[in-house]
$ cat run.txt   # compact mmCIF, C-alpha atoms
# COMPACT_ATOMS: atom_id res chain seq x y z
CA MET Q 1 21.39 37.11 14.43
CA ALA Q 2 17.70 36.33 14.88
CA VAL Q 3 16.75 32.66 15.02
CA ASP Q 4 14.01 31.49 12.61
CA LEU Q 5 11.53 29.86 15.00
CA ALA Q 6 10.09 27.60 12.29
CA THR Q 7 13.55 26.37 11.31
CA SER Q 8 14.50 25.88 14.94
CA THR Q 9 11.32 23.91 15.61
CA LEU Q 10 11.82 21.76 12.50
CA ASP Q 11 15.41 20.93 13.43
CA GLU Q 12 14.33 20.00 16.95
CA ILE Q 13 11.55 17.71 15.69
CA LEU Q 14 13.82 16.03 13.14
CA GLY Q 15 16.45 15.58 15.82
CA LYS Q 16 13.92 13.70 17.95
CA ALA Q 17 12.84 11.60 14.97
CA ALA Q 18 16.46 10.71 14.17
CA LYS Q 19 16.80 9.41 17.75
CA GLU Q 20 13.49 7.52 17.31
CA ILE Q 21 11.82 9.47 20.09
CA PRO Q 22 8.04 9.30 19.44
CA LEU Q 23 6.74 12.55 18.00
CA LYS Q 24 3.80 14.33 19.59
CA ARG Q 25 0.61 15.22 17.77
CA ASN Q 26 1.48 18.91 17.47
CA GLU Q 27 4.90 17.98 16.07
CA LEU Q 28 3.36 15.76 13.41
CA LEU Q 29 0.91 18.50 12.48
CA PHE Q 30 3.85 20.90 12.19
CA LEU Q 31 5.68 18.52 9.83
CA LEU Q 32 2.62 18.16 7.61
CA GLN Q 33 2.60 21.94 7.12
CA VAL Q 34 6.22 22.16 5.97
CA SER Q 35 6.32 23.70 2.50
CA ASP Q 36 9.64 25.49 2.02
CA HIS Q 37 11.77 23.52 -0.43
CA LYS Q 38 14.81 23.44 1.85
CA ASP Q 39 12.74 22.39 4.86
CA VAL Q 40 11.04 19.60 2.90
CA ALA Q 41 14.47 18.42 1.80
CA LYS Q 42 15.49 18.19 5.47
CA VAL Q 43 12.45 16.04 6.26
CA PHE Q 44 13.21 13.75 3.32
CA LYS Q 45 16.87 13.46 4.29
CA THR Q 46 15.96 12.38 7.83
CA ALA Q 47 13.45 9.87 6.43
CA ARG Q 48 16.08 8.38 4.11
CA SER Q 49 18.55 8.17 7.00
CA LEU Q 50 16.06 6.17 9.07
CA ARG Q 51 15.29 3.90 6.11
CA GLU Q 52 18.99 3.21 5.67
CA ARG Q 53 19.32 2.41 9.39
CA TYR Q 54 16.90 -0.50 9.06
CA PHE Q 55 17.06 -1.49 5.40
CA LYS Q 56 20.44 -0.21 4.17
CA ASN Q 57 20.03 0.53 0.46
CA LYS Q 58 17.64 -2.34 -0.33
CA ILE Q 59 14.23 -1.88 -1.94
CA PHE Q 60 11.56 -4.59 -1.99
CA THR Q 61 9.25 -5.25 -4.96
CA TYR Q 62 5.68 -6.54 -5.24
CA GLY Q 63 4.10 -8.32 -8.17
CA PHE Q 64 0.48 -7.27 -8.65
CA VAL Q 65 -2.32 -9.62 -9.81
CA TYR Q 66 -5.68 -7.84 -10.00
CA PHE Q 67 -7.64 -11.03 -10.52
CA SER Q 68 -11.19 -9.62 -10.65
CA THR Q 69 -12.58 -6.19 -11.47
CA TYR Q 70 -16.13 -7.05 -10.42
CA CYS Q 71 -17.25 -5.45 -7.16
CA ARG Q 72 -20.37 -5.34 -5.00
CA ASN Q 73 -19.52 -1.94 -3.47
CA GLU Q 74 -20.22 1.66 -4.46
CA CYS Q 75 -17.05 3.47 -3.39
CA ALA Q 76 -17.36 7.06 -4.58
CA PHE Q 77 -13.72 7.23 -5.68
CA CYS Q 78 -13.41 3.93 -7.53
CA LEU Q 79 -13.59 3.18 -11.23
CA TYR Q 80 -14.65 -0.38 -10.45
CA ARG Q 81 -17.69 0.58 -8.36
CA LYS Q 82 -20.69 -1.71 -8.88
CA SER Q 83 -22.86 0.78 -10.80
CA ASN Q 84 -20.21 1.71 -13.39
CA ASN Q 85 -21.66 0.09 -16.50
CA THR Q 86 -19.13 1.68 -18.86
CA LEU Q 87 -16.33 -0.61 -17.73
CA GLN Q 88 -15.34 -3.85 -19.41
CA ARG Q 89 -14.71 -6.19 -16.49
CA TYR Q 90 -12.91 -9.49 -16.09
CA ARG Q 91 -12.53 -12.35 -13.64
CA LYS Q 92 -9.32 -14.33 -14.17
CA THR Q 93 -9.35 -18.12 -14.13
CA ASP Q 94 -7.23 -20.09 -11.68
CA MET Q 95 -4.76 -20.94 -14.43
CA GLU Q 96 -4.51 -17.31 -15.61
CA ILE Q 97 -3.76 -16.21 -12.06
CA MET Q 98 -1.21 -19.00 -11.68
CA LYS Q 99 0.50 -18.18 -14.98
CA THR Q 100 0.83 -14.49 -14.11
CA ALA Q 101 2.07 -15.26 -10.60
CA LEU Q 102 4.72 -17.61 -11.95
CA SER Q 103 5.90 -15.02 -14.47
CA LEU Q 104 6.29 -12.45 -11.68
CA VAL Q 105 8.21 -14.94 -9.53
CA GLU Q 106 10.49 -15.70 -12.47
CA ALA Q 107 11.04 -11.96 -12.95
CA GLY Q 108 12.32 -11.73 -9.37
CA VAL Q 109 9.66 -9.95 -7.30
CA ASN Q 110 9.68 -10.44 -3.53
CA LEU Q 111 5.94 -10.92 -3.07
CA ILE Q 112 2.74 -11.60 -5.02
CA ASP Q 113 -0.20 -9.31 -4.22
CA LEU Q 114 -3.52 -10.98 -5.11
CA THR Q 115 -6.03 -8.14 -5.42
CA MET Q 116 -9.68 -7.48 -6.18
CA GLY Q 117 -12.51 -5.28 -4.94
CA GLU Q 118 -15.30 -7.36 -3.43
CA ASP Q 119 -16.44 -9.59 -6.27
CA PRO Q 120 -19.90 -10.99 -5.32
CA PHE Q 121 -18.90 -14.36 -6.78
CA PHE Q 122 -16.37 -14.90 -4.00
CA PHE Q 123 -18.53 -13.55 -1.18
CA MET Q 124 -21.63 -15.65 -1.95
CA ASN Q 125 -22.82 -18.09 0.71
CA GLN Q 126 -20.74 -16.57 3.53
CA GLY Q 127 -17.59 -16.62 1.43
CA ALA Q 128 -17.92 -20.10 -0.07
CA GLY Q 129 -16.78 -18.69 -3.41
CA PHE Q 130 -13.30 -18.15 -1.99
CA ALA Q 131 -12.61 -21.89 -2.07
CA ARG Q 132 -11.11 -21.66 -5.56
CA MET Q 133 -8.82 -18.81 -4.52
CA VAL Q 134 -7.66 -20.76 -1.50
CA ARG Q 135 -6.71 -23.60 -3.86
CA THR Q 136 -4.92 -21.14 -6.16
CA VAL Q 137 -2.92 -19.79 -3.22
CA GLU Q 138 -1.97 -23.36 -2.28
CA MET Q 139 -0.78 -23.99 -5.85
CA ILE Q 140 1.29 -20.80 -6.00
CA LYS Q 141 2.82 -21.49 -2.60
CA LYS Q 142 3.60 -25.12 -3.44
CA SER Q 143 5.20 -24.17 -6.75
CA THR Q 144 7.19 -21.13 -5.61
CA ASN Q 145 7.02 -20.67 -1.82
CA ILE Q 146 6.90 -16.92 -2.49
CA PRO Q 147 5.29 -14.66 0.15
CA ILE Q 148 1.67 -13.79 -0.74
CA MET Q 149 -0.54 -10.83 0.12
CA LEU Q 150 -4.33 -11.00 -0.05
CA SER Q 151 -6.09 -7.73 -0.91
CA ALA Q 152 -9.68 -8.84 -1.37
CA GLY Q 153 -11.85 -6.62 0.80
CA VAL Q 154 -13.51 -7.54 4.09
CA VAL Q 155 -12.97 -11.29 3.89
CA PRO Q 156 -14.90 -13.38 6.49
CA GLU Q 157 -12.67 -14.25 9.42
CA ASP Q 158 -13.01 -18.01 8.99
CA ILE Q 159 -11.96 -17.63 5.35
CA LEU Q 160 -8.95 -15.56 6.41
CA ILE Q 161 -7.88 -18.51 8.56
CA GLU Q 162 -8.18 -20.79 5.51
CA PHE Q 163 -6.04 -18.40 3.48
CA LYS Q 164 -3.40 -18.31 6.20
CA GLU Q 165 -3.33 -22.10 6.33
CA ALA Q 166 -2.98 -22.13 2.52
CA GLY Q 167 0.09 -19.90 2.71
CA VAL Q 168 -1.03 -16.26 2.71
CA ASP Q 169 1.37 -14.06 4.69
CA TRP Q 170 -0.25 -10.62 4.41
CA TYR Q 171 -3.75 -9.14 4.60
CA ALA Q 172 -4.48 -5.70 3.16
CA THR Q 173 -7.78 -3.88 3.25
CA TYR Q 174 -7.30 -0.13 3.21
CA GLN Q 175 -9.44 2.11 5.35
CA GLU Q 176 -8.55 5.14 3.12
CA THR Q 177 -9.30 7.40 6.11
CA HIS Q 178 -9.88 6.91 9.84
CA ASN Q 179 -12.36 9.77 9.99
CA PRO Q 180 -15.72 7.91 10.12
CA GLU Q 181 -17.64 10.82 8.58
CA LEU Q 182 -15.28 11.11 5.63
CA TYR Q 183 -15.17 7.29 5.34
CA SER Q 184 -18.98 7.23 4.94
CA LYS Q 185 -18.66 9.60 1.95
CA LEU Q 186 -15.95 7.50 0.33
CA ARG Q 187 -17.01 3.92 1.05
CA LEU Q 188 -20.75 4.32 0.70
CA GLY Q 189 -22.79 1.85 2.74
CA GLN Q 190 -19.77 0.04 4.18
CA ASP Q 191 -19.33 -0.46 7.91
CA PHE Q 192 -16.32 1.44 9.26
CA GLU Q 193 -15.85 -0.66 12.36
CA GLU Q 194 -16.32 -4.00 10.59
CA ARG Q 195 -13.44 -3.14 8.27
CA MET Q 196 -11.23 -2.16 11.21
CA GLU Q 197 -12.19 -5.23 13.20
CA ARG Q 198 -11.30 -7.56 10.33
CA LYS Q 199 -7.79 -6.12 10.30
CA ARG Q 200 -7.46 -6.67 14.04
CA ALA Q 201 -8.65 -10.25 13.58
CA ALA Q 202 -6.12 -10.81 10.78
CA LYS Q 203 -3.33 -9.60 13.03
CA GLN Q 204 -4.58 -11.83 15.83
CA ILE Q 205 -4.36 -14.98 13.71
CA GLY Q 206 -0.79 -14.14 12.70
CA LEU Q 207 -1.11 -12.41 9.35
CA LEU Q 208 1.05 -9.40 8.57
CA LEU Q 209 -1.02 -6.27 8.02
CA GLU Q 210 -0.96 -3.46 5.48
CA GLU Q 211 -3.02 -0.31 6.07
CA GLY Q 212 -3.52 2.36 3.44
CA LEU Q 213 -4.76 5.91 3.04
CA LEU Q 214 -6.01 8.17 0.25
CA THR Q 215 -5.09 11.83 0.34
CA GLY Q 216 -6.80 14.54 -1.65
CA VAL Q 217 -10.30 13.27 -0.84
CA GLY Q 218 -11.26 15.95 1.66
CA ASP Q 219 -8.90 14.76 4.38
CA THR Q 220 -7.22 17.24 6.74
CA ASP Q 221 -3.82 17.13 8.41
CA ALA Q 222 -5.60 16.25 11.64
CA ASP Q 223 -7.19 13.26 9.84
CA LEU Q 224 -3.77 12.14 8.63
CA VAL Q 225 -2.29 12.32 12.12
CA ASP Q 226 -5.27 10.37 13.48
CA SER Q 227 -4.58 7.72 10.85
CA LEU Q 228 -0.94 7.43 11.85
CA GLU Q 229 -2.11 6.75 15.40
CA GLU Q 230 -4.60 4.12 14.23
CA MET Q 231 -1.88 2.47 12.15
CA ARG Q 232 0.26 2.32 15.27
CA LYS Q 233 -2.58 0.77 17.28
CA LEU Q 234 -3.06 -1.86 14.57
CA SER Q 235 0.67 -2.65 14.68
CA SER Q 236 0.61 -2.28 10.90
CA ASP Q 237 3.61 -3.89 9.23
CA GLN Q 238 3.26 -1.89 6.03
CA VAL Q 239 1.75 1.59 5.79
CA ARG Q 240 0.95 3.47 2.62
CA ILE Q 241 -0.45 6.72 1.28
CA MET Q 242 -1.67 7.31 -2.28
CA SER Q 243 -2.84 10.47 -4.00
CA PHE Q 244 -6.42 10.34 -5.22
CA ILE Q 245 -6.78 10.24 -9.02
CA PRO Q 246 -10.28 11.34 -10.16
CA GLN Q 247 -11.86 8.59 -12.26
CA LYS Q 248 -14.34 9.14 -15.06
CA ASP Q 249 -17.85 7.78 -14.44
CA THR Q 250 -17.57 8.07 -10.65
CA PRO Q 251 -19.23 10.55 -8.26
CA MET Q 252 -15.79 12.11 -7.64
CA GLN Q 253 -14.77 12.48 -11.28
CA ASN Q 254 -14.71 16.28 -11.03
CA PHE Q 255 -12.84 16.38 -7.74
CA SER Q 256 -9.80 18.67 -7.90
CA GLN Q 257 -6.49 16.86 -7.67
CA VAL Q 258 -4.10 17.89 -4.94
CA SER Q 259 -0.38 18.35 -5.46
CA ARG Q 260 1.72 15.20 -5.15
CA ALA Q 261 3.75 17.17 -2.60
CA LYS Q 262 1.35 16.12 0.15
CA GLU Q 263 1.69 12.41 -0.63
CA LEU Q 264 5.48 12.72 -0.64
CA LEU Q 265 5.49 14.58 2.66
CA VAL Q 266 3.23 11.97 4.27
CA ILE Q 267 5.52 9.18 3.03
CA ALA Q 268 8.41 10.94 4.76
CA VAL Q 269 6.44 11.51 7.97
CA MET Q 270 5.38 7.86 7.95
CA ARG Q 271 9.05 6.92 7.82
CA LEU Q 272 9.76 9.17 10.81
CA VAL Q 273 6.91 7.54 12.75
CA PHE Q 274 7.52 3.97 11.54
CA PRO Q 275 11.25 3.78 10.77
CA ASP Q 276 11.37 -0.03 10.66
CA ARG Q 277 8.22 -0.66 8.58
CA LEU Q 278 7.57 -1.13 4.88
CA ILE Q 279 6.32 1.98 3.06
CA PRO Q 280 5.35 1.62 -0.60
CA ALA Q 281 6.06 3.78 -3.59
CA SER Q 282 3.13 2.78 -5.81
CA LEU Q 283 3.40 2.75 -9.59
CA ASP Q 284 -0.39 3.07 -9.74
CA VAL Q 285 -0.48 6.85 -9.28
CA ASP Q 286 2.19 8.30 -11.59
CA GLY Q 287 3.83 5.21 -12.99
CA LEU Q 288 7.57 5.05 -13.55
CA ASN Q 289 7.83 8.85 -13.69
CA GLY Q 290 6.87 9.24 -10.04
CA LEU Q 291 9.07 6.50 -8.60
CA ALA Q 292 12.28 8.40 -7.81
CA GLU Q 293 10.56 11.15 -5.84
CA ARG Q 294 8.69 8.63 -3.69
CA LEU Q 295 11.91 6.75 -2.98
CA ASN Q 296 13.59 10.06 -2.19
CA ALA Q 297 10.86 10.68 0.41
CA GLY Q 298 11.70 7.46 2.25
CA ALA Q 299 9.65 4.68 0.63
CA ASN Q 300 11.29 1.25 0.49
CA VAL Q 301 8.84 -0.90 -1.49
CA VAL Q 302 7.89 -0.64 -5.17
CA THR Q 303 4.36 -1.95 -5.61
CA SER Q 304 2.00 -2.64 -8.50
CA ILE Q 305 4.56 -4.29 -10.77
CA ILE Q 306 2.47 -5.78 -13.59
CA PRO Q 307 3.78 -7.81 -16.53
CA PRO Q 308 2.79 -6.60 -20.02
CA GLU Q 309 0.44 -8.80 -22.05
CA SER Q 310 -1.05 -10.22 -18.85
CA GLY Q 311 -4.46 -8.64 -19.41
CA LEU Q 312 -4.36 -7.15 -15.91
CA ALA Q 313 -5.52 -3.67 -14.90
CA GLY Q 314 -4.19 -1.21 -12.36
CA VAL Q 315 -6.14 0.49 -9.57
CA SER Q 316 -5.74 4.28 -9.61
CA ASN Q 317 -4.75 4.37 -13.27
CA GLN Q 318 -6.21 1.35 -15.03
CA SER Q 319 -3.66 1.04 -17.84
CA LEU Q 320 -0.79 3.36 -16.87
CA ASP Q 321 2.63 2.02 -17.94
CA ILE Q 322 1.43 -1.58 -18.22
CA GLU Q 323 1.44 -2.61 -21.86
CA ASP Q 324 4.54 -0.53 -22.67
CA GLY Q 325 6.44 -2.62 -20.12
CA ASN Q 326 7.24 0.19 -17.70
CA ARG Q 327 5.97 -1.74 -14.68
CA THR Q 328 8.75 -4.31 -14.80
CA LEU Q 329 11.86 -4.85 -12.70
CA GLY Q 330 14.01 -4.13 -15.73
CA LYS Q 331 12.63 -0.59 -15.95
CA ILE Q 332 12.71 -0.03 -12.20
CA ALA Q 333 16.31 -1.10 -11.55
CA PRO Q 334 17.98 1.88 -13.33
CA ILE Q 335 15.89 4.35 -11.32
CA LEU Q 336 16.92 2.63 -8.10
CA GLU Q 337 20.54 2.83 -9.19
CA GLU Q 338 20.22 6.57 -9.79
CA CYS Q 339 18.92 6.90 -6.23
CA GLY Q 340 21.79 4.84 -4.80
CA LEU Q 341 19.47 1.90 -4.13
CA VAL Q 342 19.33 -1.76 -5.17
CA LEU Q 343 16.70 -4.45 -5.59
CA ALA Q 344 16.42 -6.63 -2.48
CA SER Q 345 16.62 -10.39 -2.81
CA ARG Q 346 13.91 -12.87 -1.87
CA ASP Q 347 16.06 -13.89 1.10
CA ASP Q 348 16.23 -10.27 2.28
CA TYR Q 349 12.47 -9.98 2.15
CA GLU Q 350 11.72 -13.32 3.76
CA GLU Q 351 14.14 -12.51 6.59
CA TRP Q 352 12.28 -9.25 7.27
CA ILE Q 353 8.80 -10.79 7.29
CA GLN Q 354 9.96 -13.66 9.50
CA GLN Q 355 11.29 -11.15 12.03
CA ARG Q 356 7.94 -9.30 11.99
CA LYS Q 357 6.00 -12.51 12.45
CA GLU Q 358 8.16 -13.52 15.40
CA LEU Q 359 7.36 -10.22 17.12
CA PHE Q 360 3.68 -11.18 17.23
CA ALA Q 361 3.93 -14.96 17.48
CA ILE Q 362 0.93 -16.42 19.26

$ encode --input "run.txt" --output "structure tokens"
Amino acid sequence: MAVDLATSTLDEILGKAAKEIPLKRNELLFLLQVSDHKDVAKVFKTARSLRERYFKNKIFTYGFVYFSTYCRNECAFCLYRKSNNTLQRYRKTDMEIMKTALSLVEAGVNLIDLTMGEDPFFFMNQGAGFARMVRTVEMIKKSTNIPIMLSAGVVPEDILIEFKEAGVDWYATYQETHNPELYSKLRLGQDFEERMERKRAAKQIGLLLEEGLLTGVGDTDADLVDSLEEMRKLSSDQVRIMSFIPQKDTPMQNFSQVSRAKELLVIAVMRLVFPDRLIPASLDVDGLNGLAERLNAGANVVTSIIPPESGLAGVSNQSLDIEDGNRTLGKIAPILEECGLVLASRDDYEEWIQQRKELFAI
């Protein structure tokens, strides 16, 4: 009987991944071209097996607080870009942020993700405007001791140190792509290397690091493999991929959407490359309806949990599943159960991040 070379090659690559032997560039490119349903299922199965090796059946959860929708940047893909005058924006007060954070802690999330674009208010006078957010972080930490992620753009390095001292554990500022030419078309007027350097600096001072990509924005498989390598060089603790959702009133509003199949495949490949890291399944792309398939691909974090009636917006889909209460732990838990998974405890999460921090202790 003739041997199917593609099947043979796939089995060989997945066998290496299962043994945690680093995959070569041509092997990663091969995986990103897998399209047959049965072959994709094999990739997903190996990804889930690796996830179980490090995390058993536990899934972490992130509470999401988008505290300002003002931004000084002109990202071509973003609804919140500076020149979009059709958008009703907000900037939450310290007490509003605190109230929402406390409600998420009470609900049982493992981490609070404090997010914005690059609100000029905070960046004025070399970042002096961040003083109020530093105080807010101190209040949240003192009241709850919950792990905190800061997703606030290219924050000045000295301010990052202040945030760390106030209790921030994570820094996230997505590159979207590590192809400088494509980056310049997505993040108009923003310095590619400055953004990368700030992540290196954050890692150097002891913050955990999340790096993120967009797919469906003109990226190629070669770009995606390059990004996996850059994530490795950064020693990223959490790696994510999200499908681009065209937004009205942006330069990319008429961009054709790509199939979610690519995002799912990249999630699985990320798990093969980074078996012991956190990989999110974001509710911001498809909401609750897309959660199971992302978990099936090997994700182990549910992000963008937002309480209803909080007045908060999402990122890719501004209002998706928020006010109808579908971004809550109560709605997520049954889906996890169907997938044979359970919500991780705060202790589970804090044990993992402490282990990661000890790996890079200064």

$ closest_residue --input "run.txt" --among "Q:Cys339, Q:Ala172, Q:Leu224, Q:Leu186" --to "Q:Lys199" --atoms "only C-alpha atoms"
Q:Ala172

$ closest_residue --input "run.txt" --among "Q:Leu272, Q:Asp191, Q:Gly287, Q:Thr215" --to "Q:Ser259" --atoms "all atoms listed in the file"
Q:Thr215

$ residues_around --input "run.txt" --residues "Q:Asp237" --least-positions-apart "3" --cutoff "12 Å" --atoms "only C-alpha atoms" --output "PDB file with C-alpha atoms, in the coordinates of the input"
ATOM      1  CA  ASP Q 169       1.370 -14.060   4.690  1.00  0.00           C
ATOM      2  CA  TRP Q 170      -0.250 -10.620   4.410  1.00  0.00           C
ATOM      3  CA  TYR Q 171      -3.750  -9.140   4.600  1.00  0.00           C
ATOM      4  CA  ALA Q 172      -4.480  -5.700   3.160  1.00  0.00           C
ATOM      5  CA  LYS Q 199      -7.790  -6.120  10.300  1.00  0.00           C
ATOM      6  CA  LYS Q 203      -3.330  -9.600  13.030  1.00  0.00           C
ATOM      7  CA  GLY Q 206      -0.790 -14.140  12.700  1.00  0.00           C
ATOM      8  CA  LEU Q 207      -1.110 -12.410   9.350  1.00  0.00           C
ATOM      9  CA  LEU Q 208       1.050  -9.400   8.570  1.00  0.00           C
ATOM     10  CA  LEU Q 209      -1.020  -6.270   8.020  1.00  0.00           C
ATOM     11  CA  GLU Q 210      -0.960  -3.460   5.480  1.00  0.00           C
ATOM     12  CA  GLU Q 211      -3.020  -0.310   6.070  1.00  0.00           C
ATOM     13  CA  GLY Q 212      -3.520   2.360   3.440  1.00  0.00           C
ATOM     14  CA  MET Q 231      -1.880   2.470  12.150  1.00  0.00           C
ATOM     15  CA  ARG Q 232       0.260   2.320  15.270  1.00  0.00           C
ATOM     16  CA  LYS Q 233      -2.580   0.770  17.280  1.00  0.00           C
ATOM     17  CA  LEU Q 234      -3.060  -1.860  14.570  1.00  0.00           C
ATOM     18  CA  ARG Q 240       0.950   3.470   2.620  1.00  0.00           C
ATOM     19  CA  MET Q 270       5.380   7.860   7.950  1.00  0.00           C
ATOM     20  CA  PHE Q 274       7.520   3.970  11.540  1.00  0.00           C
ATOM     21  CA  PRO Q 275      11.250   3.780  10.770  1.00  0.00           C
ATOM     22  CA  ASP Q 276      11.370  -0.030  10.660  1.00  0.00           C
ATOM     23  CA  ARG Q 277       8.220  -0.660   8.580  1.00  0.00           C
ATOM     24  CA  LEU Q 278       7.570  -1.130   4.880  1.00  0.00           C
ATOM     25  CA  ILE Q 279       6.320   1.980   3.060  1.00  0.00           C
ATOM     26  CA  PRO Q 280       5.350   1.620  -0.600  1.00  0.00           C
ATOM     27  CA  TRP Q 352      12.280  -9.250   7.270  1.00  0.00           C
ATOM     28  CA  ILE Q 353       8.800 -10.790   7.290  1.00  0.00           C
ATOM     29  CA  GLN Q 354       9.960 -13.660   9.500  1.00  0.00           C
ATOM     30  CA  GLN Q 355      11.290 -11.150  12.030  1.00  0.00           C
ATOM     31  CA  ARG Q 356       7.940  -9.300  11.990  1.00  0.00           C
ATOM     32  CA  LYS Q 357       6.000 -12.510  12.450  1.00  0.00           C
ATOM     33  CA  LEU Q 359       7.360 -10.220  17.120  1.00  0.00           C
ATOM     34  CA  PHE Q 360       3.680 -11.180  17.230  1.00  0.00           C
TER      35      PHE Q 360
END

$ atom_distance --input "run.txt" --atom1 "atom CA of Q:Ile335" --atom2 "atom CA of Q:Ser282"
14.0 Å

$ atom_distance --input "run.txt" --atom1 "atom CA of Q:Arg72" --atom2 "atom CA of Q:Phe163"
21.2 Å

$ closest_residue --input "run.txt" --among "Q:Ile112, Q:Asp11, Q:Ile159, Q:Leu341" --to "Q:Asn125" --atoms "all atoms listed in the file"
Q:Ile159

$ closest_residue --input "run.txt" --among "Q:Thr9, Q:Gly108, Q:Arg53, Q:Lys99" --to "Q:Asp347" --atoms "all atoms listed in the file"
Q:Gly108

$ residues_around --input "run.txt" --residues "Q:Arg91" --least-positions-apart "5" --cutoff "7 Å" --atoms "only C-alpha atoms" --output "short mmCIF file (atom, residue, chain, number, x, y, z; two decimals) with C-alpha atoms, keeping the file's coordinate frame"
data_model
loop_
_atom_site.label_atom_id
_atom_site.label_comp_id
_atom_site.auth_asym_id
_atom_site.auth_seq_id
_atom_site.Cartn_x
_atom_site.Cartn_y
_atom_site.Cartn_z
CA PHE Q 67 -7.64 -11.03 -10.52
CA SER Q 68 -11.19 -9.62 -10.65
CA THR Q 69 -12.58 -6.19 -11.47
#

$ closest_residue --input "run.txt" --among "Q:Val40, Q:Leu87, Q:Met124, Q:Ala101" --to "Q:Lys248" --atoms "all atoms listed in the file"
Q:Leu87

$ closest_residue --input "run.txt" --among "Q:Ala299, Q:Leu50, Q:Ile241, Q:Leu10" --to "Q:Leu214" --atoms "all atoms listed in the file"
Q:Ile241

$ residues_near_point --input "run.txt" --point "(-6.2, -13.6, 12.2)" --cutoff "9 Å" --atoms "only C-alpha atoms" --output "list in words"
Glu157, Asp158, Leu160, Ile161, Lys164, Arg198, Lys199, Arg200, Ala201, Ala202, Lys203, Gln204, Ile205, Gly206 and Leu207 of chain Q

$ atom_distance --input "run.txt" --atom1 "atom CA of Q:Arg327" --atom2 "atom CA of Q:Ile267"
20.8 Å

$ residues_near_point --input "run.txt" --point "(-17.5, -1.0, -6.4)" --cutoff "8 Å" --atoms "only C-alpha atoms" --output "short mmCIF file (atom, residue, chain, number, x, y, z; two decimals) with C-alpha atoms, keeping the file's coordinate frame"
data_model
loop_
_atom_site.label_atom_id
_atom_site.label_comp_id
_atom_site.auth_asym_id
_atom_site.auth_seq_id
_atom_site.Cartn_x
_atom_site.Cartn_y
_atom_site.Cartn_z
CA TYR Q 70 -16.13 -7.05 -10.42
CA CYS Q 71 -17.25 -5.45 -7.16
CA ARG Q 72 -20.37 -5.34 -5.00
CA ASN Q 73 -19.52 -1.94 -3.47
CA GLU Q 74 -20.22 1.66 -4.46
CA CYS Q 75 -17.05 3.47 -3.39
CA CYS Q 78 -13.41 3.93 -7.53
CA LEU Q 79 -13.59 3.18 -11.23
CA TYR Q 80 -14.65 -0.38 -10.45
CA ARG Q 81 -17.69 0.58 -8.36
CA LYS Q 82 -20.69 -1.71 -8.88
CA SER Q 83 -22.86 0.78 -10.80
CA ASN Q 84 -20.21 1.71 -13.39
CA GLY Q 117 -12.51 -5.28 -4.94
CA GLU Q 118 -15.30 -7.36 -3.43
#
